[in-house]
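What follows is a set of notes on a single structure, which appears directly below.
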Amino acid sequence: STGDVPMLAAQARTHSVSELVKRILDVAIGVIATILLLPVFAAVWLLVVVDMGRPAMFVQVRPGRYCAPFKLYKFRTLKSATGPVGAPLADDLRQTRIGRVLRRLRLDELPQLFNVIAGQMSLVGPRPWVLTDLDGHGTSGDFRFQMRPGVTGWAQVNGGRVLDVEAKLKLDRWYCEHANLWLDARILLKTMWIMFAGEHVDEKALRDAGIDPVALGDDKDGGHPAPIDRSPVRNI
């Protein structure tokens, strides 16, 4: 109705201001963090080169905001090992102890600060998919492309690698519908906690997103519910 127009316009202005503030904070925090963490960058780079060889960086094209492709940067955590026919070995056979620690502490994600500064990513948002996964998801995840992908996100601090793709998608949708600067601050704080304490499934966050924690832990082989392991996941 006509009476709704001023309210919608006010909501649009609020959203634009919030998005601008978020972008300013992304750049400011990204630049400061990059400068402060330069010794960590150097140490990780050296560890990767000594443990896995060069190059130390892993570059992969991912879909960003509005599905625009961009180059995502990470430190390598896998060796370039192949089997008898030349195909890469399974990840668990290629991951070194150093690589496992880097993933566990999220240090492999540090180079994405450059993606944040460049405007391709945000500190917080849905994690960017791999391009080859787009067709498999169809249009169910299109809402994710209305904002910049994040270095960390709501799904990553409420279960992360413990969760399946469908659960992560529902958590991403919940975040996109409730995104605000206070929620982003909570996610950043939870991310820092998880770096040291390990991943943990937050059942309340799952329920808020419409996920049944018991069903998520179903034993698919036997068809009986298996409760989610609530202890922190330390060996990633």
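Identifiers in this document derive from the order of the structure tokens: chains are assigned A, B, ..., residues are numbered from 1 separately in each chain, and ligands are numbered from 1 in order of occurrence.
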
Inset, instruction - Pull the strand (DSSP E) assignments for stretch 2-215 of chain A out of DSSP run on the backbone, and list those residues as a PyMOL selection string. - result: chain A and resi 57-63+69-75+122-124+150-152

Legend entry - Shell of 12 Å around A:Leu163, only C-alpha atoms, local chain residues under 4 positions omitted, as a PyMOL selection string: chain A and resi 154-159+167-171+199-203+206+211-213+215-218+228-229+233

Write the residues of the selection above to a file with N, CA and C atoms, as an mmCIF file, in the first residue's frame.
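The result, stored in out_23.cif:
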```
data_model
loop_
_atom_site.group_PDB
_atom_site.id
_atom_site.type_symbol
_atom_site.label_atom_id
_atom_site.label_comp_id
_atom_site.auth_asym_id
_atom_site.auth_seq_id
_atom_site.Cartn_x
_atom_site.Cartn_y
_atom_site.Cartn_z
ATOM 1 N N TRP A 154 28.103 -17.790 10.340
ATOM 2 C CA TRP A 154 27.225 -18.359 11.356
ATOM 3 C C TRP A 154 27.303 -19.875 11.367
ATOM 4 N N ALA A 155 27.374 -20.497 10.207
ATOM 5 C CA ALA A 155 27.474 -21.960 10.139
ATOM 6 C C ALA A 155 28.808 -22.433 10.698
ATOM 7 N N GLN A 156 29.870 -21.658 10.468
ATOM 8 C CA GLN A 156 31.206 -22.081 10.903
ATOM 9 C C GLN A 156 31.372 -22.029 12.426
ATOM 10 N N VAL A 157 30.631 -21.141 13.107
ATOM 11 C CA VAL A 157 30.783 -21.047 14.564
ATOM 12 C C VAL A 157 29.714 -21.846 15.311
ATOM 13 N N ASN A 158 28.851 -22.529 14.567
ATOM 14 C CA ASN A 158 27.798 -23.326 15.205
ATOM 15 C C ASN A 158 27.821 -24.785 14.776
ATOM 16 N N GLY A 159 28.996 -25.265 14.448
ATOM 17 C CA GLY A 159 29.135 -26.661 14.061
ATOM 18 C C GLY A 159 30.214 -26.865 13.033
ATOM 19 N N ALA A 167 22.456 -28.485 6.499
ATOM 20 C CA ALA A 167 22.416 -27.739 7.764
ATOM 21 C C ALA A 167 23.137 -26.407 7.630
ATOM 22 N N LYS A 168 24.286 -26.413 6.963
ATOM 23 C CA LYS A 168 25.024 -25.165 6.766
ATOM 24 C C LYS A 168 24.197 -24.178 5.955
ATOM 25 N N LEU A 169 23.476 -24.697 4.958
ATOM 26 C CA LEU A 169 22.651 -23.835 4.116
ATOM 27 C C LEU A 169 21.551 -23.164 4.934
ATOM 28 N N LYS A 170 20.940 -23.911 5.841
ATOM 29 C CA LYS A 170 19.886 -23.349 6.690
ATOM 30 C C LYS A 170 20.458 -22.313 7.658
ATOM 31 N N LEU A 171 21.635 -22.564 8.183
ATOM 32 C CA LEU A 171 22.274 -21.586 9.066
ATOM 33 C C LEU A 171 22.662 -20.326 8.288
ATOM 34 N N GLU A 199 35.827 -26.872 17.475
ATOM 35 C CA GLU A 199 34.452 -26.683 16.996
ATOM 36 C C GLU A 199 33.455 -27.329 17.943
ATOM 37 N N HIS A 200 32.280 -26.707 18.000
ATOM 38 C CA HIS A 200 31.249 -27.179 18.912
ATOM 39 C C HIS A 200 29.879 -26.938 18.293
ATOM 40 N N VAL A 201 29.019 -27.932 18.349
ATOM 41 C CA VAL A 201 27.670 -27.807 17.798
ATOM 42 C C VAL A 201 26.780 -27.056 18.778
ATOM 43 N N ASP A 202 26.210 -25.943 18.337
ATOM 44 C CA ASP A 202 25.303 -25.150 19.151
ATOM 45 C C ASP A 202 23.877 -25.557 18.800
ATOM 46 N N GLU A 203 23.260 -26.363 19.662
ATOM 47 C CA GLU A 203 21.946 -26.906 19.344
ATOM 48 C C GLU A 203 20.877 -25.826 19.290
ATOM 49 N N LEU A 206 21.009 -24.283 15.937
ATOM 50 C CA LEU A 206 20.445 -25.211 14.955
ATOM 51 C C LEU A 206 18.920 -25.140 14.960
ATOM 52 N N ILE A 211 16.624 -26.597 12.259
ATOM 53 C CA ILE A 211 17.337 -27.871 12.142
ATOM 54 C C ILE A 211 17.115 -28.687 13.405
ATOM 55 N N ASP A 212 16.756 -29.937 13.252
ATOM 56 C CA ASP A 212 16.585 -30.841 14.383
ATOM 57 C C ASP A 212 17.938 -31.467 14.707
ATOM 58 N N PRO A 213 18.559 -31.141 15.835
ATOM 59 C CA PRO A 213 19.886 -31.690 16.157
ATOM 60 C C PRO A 213 19.908 -33.213 16.207
ATOM 61 N N ALA A 215 17.911 -35.307 14.464
ATOM 62 C CA ALA A 215 17.837 -35.808 13.088
ATOM 63 C C ALA A 215 19.159 -35.615 12.369
ATOM 64 N N LEU A 216 19.856 -34.522 12.699
ATOM 65 C CA LEU A 216 21.143 -34.252 12.075
ATOM 66 C C LEU A 216 22.154 -35.323 12.430
ATOM 67 N N GLY A 217 22.002 -35.898 13.619
ATOM 68 C CA GLY A 217 22.941 -36.920 14.061
ATOM 69 C C GLY A 217 22.492 -38.330 13.757
ATOM 70 N N ASP A 218 21.457 -38.487 12.891
ATOM 71 C CA ASP A 218 20.972 -39.826 12.559
ATOM 72 C C ASP A 218 22.075 -40.705 12.018
ATOM 73 N N ILE A 228 24.512 -36.042 18.487
ATOM 74 C CA ILE A 228 25.685 -35.304 18.025
ATOM 75 C C ILE A 228 26.722 -35.291 19.136
ATOM 76 N N ASP A 229 27.959 -35.465 18.739
ATOM 77 C CA ASP A 229 29.054 -35.360 19.701
ATOM 78 C C ASP A 229 29.179 -33.915 20.129
ATOM 79 N N VAL A 233 35.560 -30.482 18.550
ATOM 80 C CA VAL A 233 36.244 -31.256 17.536
ATOM 81 C C VAL A 233 37.656 -30.700 17.419
#
```

Inset, instruction - Please report, as a ChimeraX atom specification, each residue of stretch 33-215 of chain A to which DSSP assigns alpha helix (DSSP H) when run on this structure's backbone. - result: /A:33-36,38-52,91-94,97-104,112-117,134-137,165-178,181-197,203-208,213-215

Which residues are close to A:Val59, i.e. within 10 Å by only C-alpha atoms, leaving aside same-chain residues fewer than 2 positions away? Reply as a compact mmCIF listing (two decimals) with N, CA and C atoms, in the first residue's frame.
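To be explicit, this is the file written out as out.txt:
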```
# COMPACT_ATOMS: atom_id res chain seq x y z
N PRO A 55 54.24 -23.82 -4.28
CA PRO A 55 53.95 -22.52 -3.67
C PRO A 55 53.30 -22.70 -2.29
N ALA A 56 53.43 -21.68 -1.45
CA ALA A 56 52.84 -21.75 -0.11
C ALA A 56 51.35 -21.43 -0.15
N MET A 57 50.93 -20.71 -1.19
CA MET A 57 49.54 -20.28 -1.31
C MET A 57 48.75 -21.22 -2.22
N VAL A 61 39.24 -20.22 -7.70
CA VAL A 61 38.17 -19.32 -8.09
C VAL A 61 36.88 -19.73 -7.38
N ARG A 62 36.25 -18.78 -6.71
CA ARG A 62 34.99 -19.02 -6.00
C ARG A 62 33.95 -17.97 -6.44
N PHE A 70 35.79 -14.75 -8.15
CA PHE A 70 37.00 -14.07 -7.66
C PHE A 70 38.00 -15.13 -7.22
N LYS A 71 39.25 -14.73 -7.09
CA LYS A 71 40.30 -15.65 -6.67
C LYS A 71 40.43 -15.61 -5.15
N LEU A 72 40.17 -16.75 -4.52
CA LEU A 72 40.28 -16.86 -3.06
C LEU A 72 41.66 -17.40 -2.72
N TYR A 73 42.29 -16.82 -1.70
CA TYR A 73 43.64 -17.20 -1.30
C TYR A 73 43.63 -17.92 0.05
N LYS A 74 44.41 -19.00 0.11
CA LYS A 74 44.58 -19.74 1.36
C LYS A 74 46.02 -20.24 1.42
N PHE A 75 46.50 -20.51 2.63
CA PHE A 75 47.75 -21.24 2.76
C PHE A 75 47.47 -22.71 2.49
N ARG A 76 48.39 -23.36 1.84
CA ARG A 76 48.22 -24.78 1.54
C ARG A 76 48.25 -25.61 2.82
```

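If you measure from each of A:Ala209, A:Cys67, A:Ile194, A:Met121 to A:Gly141 using only C-alpha atoms, the closest one turns out to be A:Cys67.
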
Would you tabulate, counting only C-alpha atoms, all residues of stretch 89-140 of chain A that have an atom at most 10 Å from an atom of stretch 16-34 of chain A, showing the closest pair of atoms and their distance in Å to one decimal, sorted by chain then ascending number, as CSV?
```
residue,atom,partner,partner_atom,distance
A:Leu110,CA,A:Thr34,CA,8.4
A:Pro111,CA,A:Thr34,CA,8.7
A:Gln112,CA,A:Gly30,CA,9.3
A:Leu113,CA,A:Gly30,CA,5.6
A:Phe114,CA,A:Gly30,CA,7.5
A:Asn115,CA,A:Gly30,CA,9.2
A:Val116,CA,A:Gly30,CA,6.5
A:Ile117,CA,A:Val27,CA,5.1
A:Ala118,CA,A:Val27,CA,8.3
A:Gly119,CA,A:Arg23,CA,8.0
A:Met121,CA,A:Asp26,CA,8.9
A:Ser122,CA,A:Asp26,CA,6.2
A:Leu123,CA,A:Asp26,CA,6.1
A:Val124,CA,A:Asp26,CA,8.8
```

Based on the selection just made, write all heavy atoms of those residues as a short mmCIF file (atom, residue, chain, number, x, y, z; two decimals), in the first residue's frame.
```cif
data_model
loop_
_atom_site.label_atom_id
_atom_site.label_comp_id
_atom_site.auth_asym_id
_atom_site.auth_seq_id
_atom_site.Cartn_x
_atom_site.Cartn_y
_atom_site.Cartn_z
N LEU A 110 44.13 -17.04 6.72
CA LEU A 110 44.67 -15.69 6.90
C LEU A 110 44.79 -14.89 5.59
O LEU A 110 44.47 -13.69 5.58
CB LEU A 110 46.04 -15.75 7.59
CG LEU A 110 46.04 -15.90 9.11
CD1 LEU A 110 47.47 -15.94 9.62
CD2 LEU A 110 45.27 -14.76 9.77
N PRO A 111 45.25 -15.49 4.48
CA PRO A 111 45.39 -14.70 3.25
C PRO A 111 44.08 -14.11 2.74
O PRO A 111 44.10 -13.19 1.91
CB PRO A 111 45.97 -15.71 2.25
CG PRO A 111 46.69 -16.71 3.09
CD PRO A 111 45.84 -16.84 4.33
N GLN A 112 42.95 -14.59 3.24
CA GLN A 112 41.67 -14.04 2.80
C GLN A 112 41.44 -12.63 3.33
O GLN A 112 40.51 -11.94 2.91
CB GLN A 112 40.54 -14.97 3.20
CG GLN A 112 40.50 -16.24 2.37
CD GLN A 112 39.72 -17.37 3.00
OE1 GLN A 112 38.63 -17.16 3.51
NE2 GLN A 112 40.28 -18.57 2.97
N LEU A 113 42.30 -12.17 4.23
CA LEU A 113 42.25 -10.77 4.64
C LEU A 113 42.49 -9.87 3.43
O LEU A 113 41.93 -8.77 3.34
CB LEU A 113 43.28 -10.49 5.73
CG LEU A 113 42.97 -11.05 7.12
CD1 LEU A 113 44.18 -10.88 8.04
CD2 LEU A 113 41.74 -10.40 7.72
N PHE A 114 43.32 -10.33 2.48
CA PHE A 114 43.54 -9.55 1.26
C PHE A 114 42.27 -9.51 0.42
O PHE A 114 41.97 -8.49 -0.21
CB PHE A 114 44.69 -10.15 0.45
CG PHE A 114 46.02 -10.11 1.17
CD1 PHE A 114 46.65 -11.27 1.58
CD2 PHE A 114 46.64 -8.89 1.44
CE1 PHE A 114 47.86 -11.24 2.25
CE2 PHE A 114 47.85 -8.84 2.11
CZ PHE A 114 48.46 -10.02 2.52
N ASN A 115 41.51 -10.62 0.39
CA ASN A 115 40.22 -10.62 -0.31
C ASN A 115 39.24 -9.65 0.33
O ASN A 115 38.45 -8.99 -0.35
CB ASN A 115 39.62 -12.03 -0.30
CG ASN A 115 40.38 -13.03 -1.14
OD1 ASN A 115 40.88 -14.03 -0.63
ND2 ASN A 115 40.48 -12.78 -2.43
N VAL A 116 39.31 -9.57 1.67
CA VAL A 116 38.43 -8.64 2.39
C VAL A 116 38.77 -7.20 2.05
O VAL A 116 37.90 -6.38 1.72
CB VAL A 116 38.54 -8.86 3.91
CG1 VAL A 116 37.78 -7.77 4.68
CG2 VAL A 116 37.99 -10.23 4.29
N ILE A 117 40.05 -6.86 2.10
CA ILE A 117 40.48 -5.49 1.79
C ILE A 117 40.12 -5.11 0.35
O ILE A 117 39.73 -3.98 0.07
CB ILE A 117 42.00 -5.35 2.03
CG1 ILE A 117 42.32 -5.56 3.52
CG2 ILE A 117 42.51 -4.00 1.56
CD1 ILE A 117 43.80 -5.69 3.82
N ALA A 118 40.21 -6.09 -0.55
CA ALA A 118 39.91 -5.84 -1.96
C ALA A 118 38.42 -5.72 -2.24
O ALA A 118 38.03 -5.34 -3.35
CB ALA A 118 40.50 -6.95 -2.83
N GLY A 119 37.58 -6.04 -1.25
CA GLY A 119 36.15 -5.93 -1.43
C GLY A 119 35.49 -7.16 -2.00
O GLY A 119 34.29 -7.14 -2.31
N MET A 121 35.42 -10.12 -0.35
CA MET A 121 34.87 -10.86 0.77
C MET A 121 34.62 -9.90 1.93
O MET A 121 35.07 -8.75 1.92
CB MET A 121 35.82 -11.98 1.23
CG MET A 121 36.04 -13.08 0.21
SD MET A 121 37.15 -14.39 0.83
CE MET A 121 36.16 -15.12 2.13
N SER A 122 33.91 -10.39 2.92
CA SER A 122 33.71 -9.68 4.18
C SER A 122 34.32 -10.52 5.29
O SER A 122 34.57 -11.72 5.10
CB SER A 122 32.22 -9.45 4.43
OG SER A 122 32.01 -8.83 5.68
N LEU A 123 34.57 -9.93 6.43
CA LEU A 123 35.06 -10.73 7.56
C LEU A 123 34.02 -11.77 7.96
O LEU A 123 34.37 -12.90 8.32
CB LEU A 123 35.38 -9.82 8.75
CG LEU A 123 36.59 -8.89 8.59
CD1 LEU A 123 36.67 -7.94 9.77
CD2 LEU A 123 37.88 -9.70 8.46
N VAL A 124 32.73 -11.40 7.89
CA VAL A 124 31.65 -12.30 8.28
C VAL A 124 30.64 -12.40 7.15
O VAL A 124 30.23 -11.39 6.57
CB VAL A 124 30.94 -11.80 9.56
CG1 VAL A 124 29.78 -12.73 9.91
CG2 VAL A 124 31.92 -11.71 10.72
#
```

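Among the candidates A:Met195, A:Ile35, A:Leu78, A:Ala205, the one nearest to A:Phe58 when counting only C-alpha atoms is A:Leu78.
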
Inset, instruction - Do a neighbour search on stretch 129-133 of chain A at 9 Å with only C-alpha atoms, toss out local chain neighbours closer than 6 positions, and write the hits as a PyMOL selection string. - result: chain A and resi 60-64+69+149

Dump as a CSV table (one decimal), in the first residue's frame, selection limited to C-alpha atoms:
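What follows is the written file again23.csv:
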```
chain,number,residue,atom,x,y,z
A,60,GLN,CA,40.9,-21.1,-6.2
A,61,VAL,CA,38.2,-19.3,-8.1
A,62,ARG,CA,35.0,-19.0,-6.0
A,63,PRO,CA,31.6,-17.3,-6.6
A,64,GLY,CA,31.3,-14.0,-4.7
A,69,PRO,CA,33.9,-15.1,-9.6
A,149,PRO,CA,31.0,-14.2,1.3
```

Inset, instruction - Can you pull out every residue within 12 Å of A:Arg186, counting only C-alpha atoms, but drop anything in the same chain fewer than 4 positions away, and send it as a list in words? - result: Val124, Thr152, Gly153, Trp154, Val157, Asn158, Tyr175, Ala179, Asn180, Leu181, Trp182, Lys190, Thr191, Met192 and Trp193 of chain A

Output N, CA, C and O atoms of each residue in that selection to a file, as a JSON list (two decimals), in the first residue's frame.
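Okay, this is what ended up in result00.json:
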```json
[["chain", "number", "residue", "atom", "x", "y", "z"],
["A", 124, "VAL", "N", 32.73, -11.40, 7.89],
["A", 124, "VAL", "CA", 31.65, -12.30, 8.28],
["A", 124, "VAL", "C", 30.64, -12.40, 7.15],
["A", 124, "VAL", "O", 30.23, -11.39, 6.57],
["A", 152, "THR", "N", 34.62, -16.02, 7.91],
["A", 152, "THR", "CA", 33.94, -16.89, 8.86],
["A", 152, "THR", "C", 32.45, -16.58, 8.79],
["A", 152, "THR", "O", 32.05, -15.58, 8.18],
["A", 153, "GLY", "N", 31.63, -17.45, 9.37],
["A", 153, "GLY", "CA", 30.19, -17.25, 9.26],
["A", 153, "GLY", "C", 29.42, -17.95, 10.37],
["A", 153, "GLY", "O", 30.00, -18.64, 11.22],
["A", 154, "TRP", "N", 28.10, -17.79, 10.34],
["A", 154, "TRP", "CA", 27.23, -18.36, 11.36],
["A", 154, "TRP", "C", 27.30, -19.87, 11.37],
["A", 154, "TRP", "O", 27.30, -20.51, 12.42],
["A", 157, "VAL", "N", 30.63, -21.14, 13.11],
["A", 157, "VAL", "CA", 30.78, -21.05, 14.56],
["A", 157, "VAL", "C", 29.71, -21.85, 15.31],
["A", 157, "VAL", "O", 29.68, -21.84, 16.54],
["A", 158, "ASN", "N", 28.85, -22.53, 14.57],
["A", 158, "ASN", "CA", 27.80, -23.33, 15.21],
["A", 158, "ASN", "C", 27.82, -24.78, 14.78],
["A", 158, "ASN", "O", 26.79, -25.45, 14.75],
["A", 175, "TYR", "N", 21.33, -16.51, 8.99],
["A", 175, "TYR", "CA", 22.23, -15.36, 9.12],
["A", 175, "TYR", "C", 21.81, -14.24, 8.17],
["A", 175, "TYR", "O", 21.75, -13.07, 8.55],
["A", 179, "ALA", "N", 21.10, -10.68, 9.69],
["A", 179, "ALA", "CA", 22.43, -10.05, 9.70],
["A", 179, "ALA", "C", 22.39, -8.63, 10.26],
["A", 179, "ALA", "O", 21.53, -7.83, 9.91],
["A", 180, "ASN", "N", 23.31, -8.36, 11.17],
["A", 180, "ASN", "CA", 23.51, -7.02, 11.70],
["A", 180, "ASN", "C", 24.91, -6.95, 12.29],
["A", 180, "ASN", "O", 25.59, -7.98, 12.43],
["A", 181, "LEU", "N", 25.37, -5.77, 12.62],
["A", 181, "LEU", "CA", 26.74, -5.59, 13.08],
["A", 181, "LEU", "C", 26.99, -6.27, 14.43],
["A", 181, "LEU", "O", 28.09, -6.79, 14.67],
["A", 182, "TRP", "N", 25.99, -6.29, 15.30],
["A", 182, "TRP", "CA", 26.15, -6.96, 16.59],
["A", 182, "TRP", "C", 26.32, -8.46, 16.40],
["A", 182, "TRP", "O", 27.15, -9.09, 17.05],
["A", 190, "LYS", "N", 33.19, -15.61, 18.60],
["A", 190, "LYS", "CA", 33.06, -17.06, 18.66],
["A", 190, "LYS", "C", 34.12, -17.74, 17.80],
["A", 190, "LYS", "O", 34.62, -18.82, 18.15],
["A", 191, "THR", "N", 34.48, -17.11, 16.69],
["A", 191, "THR", "CA", 35.52, -17.67, 15.83],
["A", 191, "THR", "C", 36.86, -17.74, 16.57],
["A", 191, "THR", "O", 37.57, -18.75, 16.51],
["A", 192, "MET", "N", 37.20, -16.66, 17.27],
["A", 192, "MET", "CA", 38.45, -16.65, 18.03],
["A", 192, "MET", "C", 38.43, -17.70, 19.14],
["A", 192, "MET", "O", 39.45, -18.34, 19.42],
["A", 193, "TRP", "N", 37.26, -17.89, 19.76],
["A", 193, "TRP", "CA", 37.16, -18.92, 20.80],
["A", 193, "TRP", "C", 37.35, -20.31, 20.21],
["A", 193, "TRP", "O", 38.06, -21.15, 20.76]]
```

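Put simply, atom CA of A:Arg144 is 6.5 Å away from atom CA of A:Pro126.
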
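Taking atom CA of A:Gly160 and atom CA of A:Leu46 as the two end points, the separation is 27.5 Å.
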
Inset, instruction - Find the residues around A:Thr96 up to 9 Å (only C-alpha atoms counted), leave out those fewer than 3 positions away in its own chain, and share them as a PyMOL selection string. - result: chain A and resi 51-52+77-79+92-93+99-101

Legend entry - Nearest to A:Phe145, chosen from A:Ala197, A:Val162, A:Ile187, A:Ala68, with only C-alpha atoms counted in the distances: A:Ala68
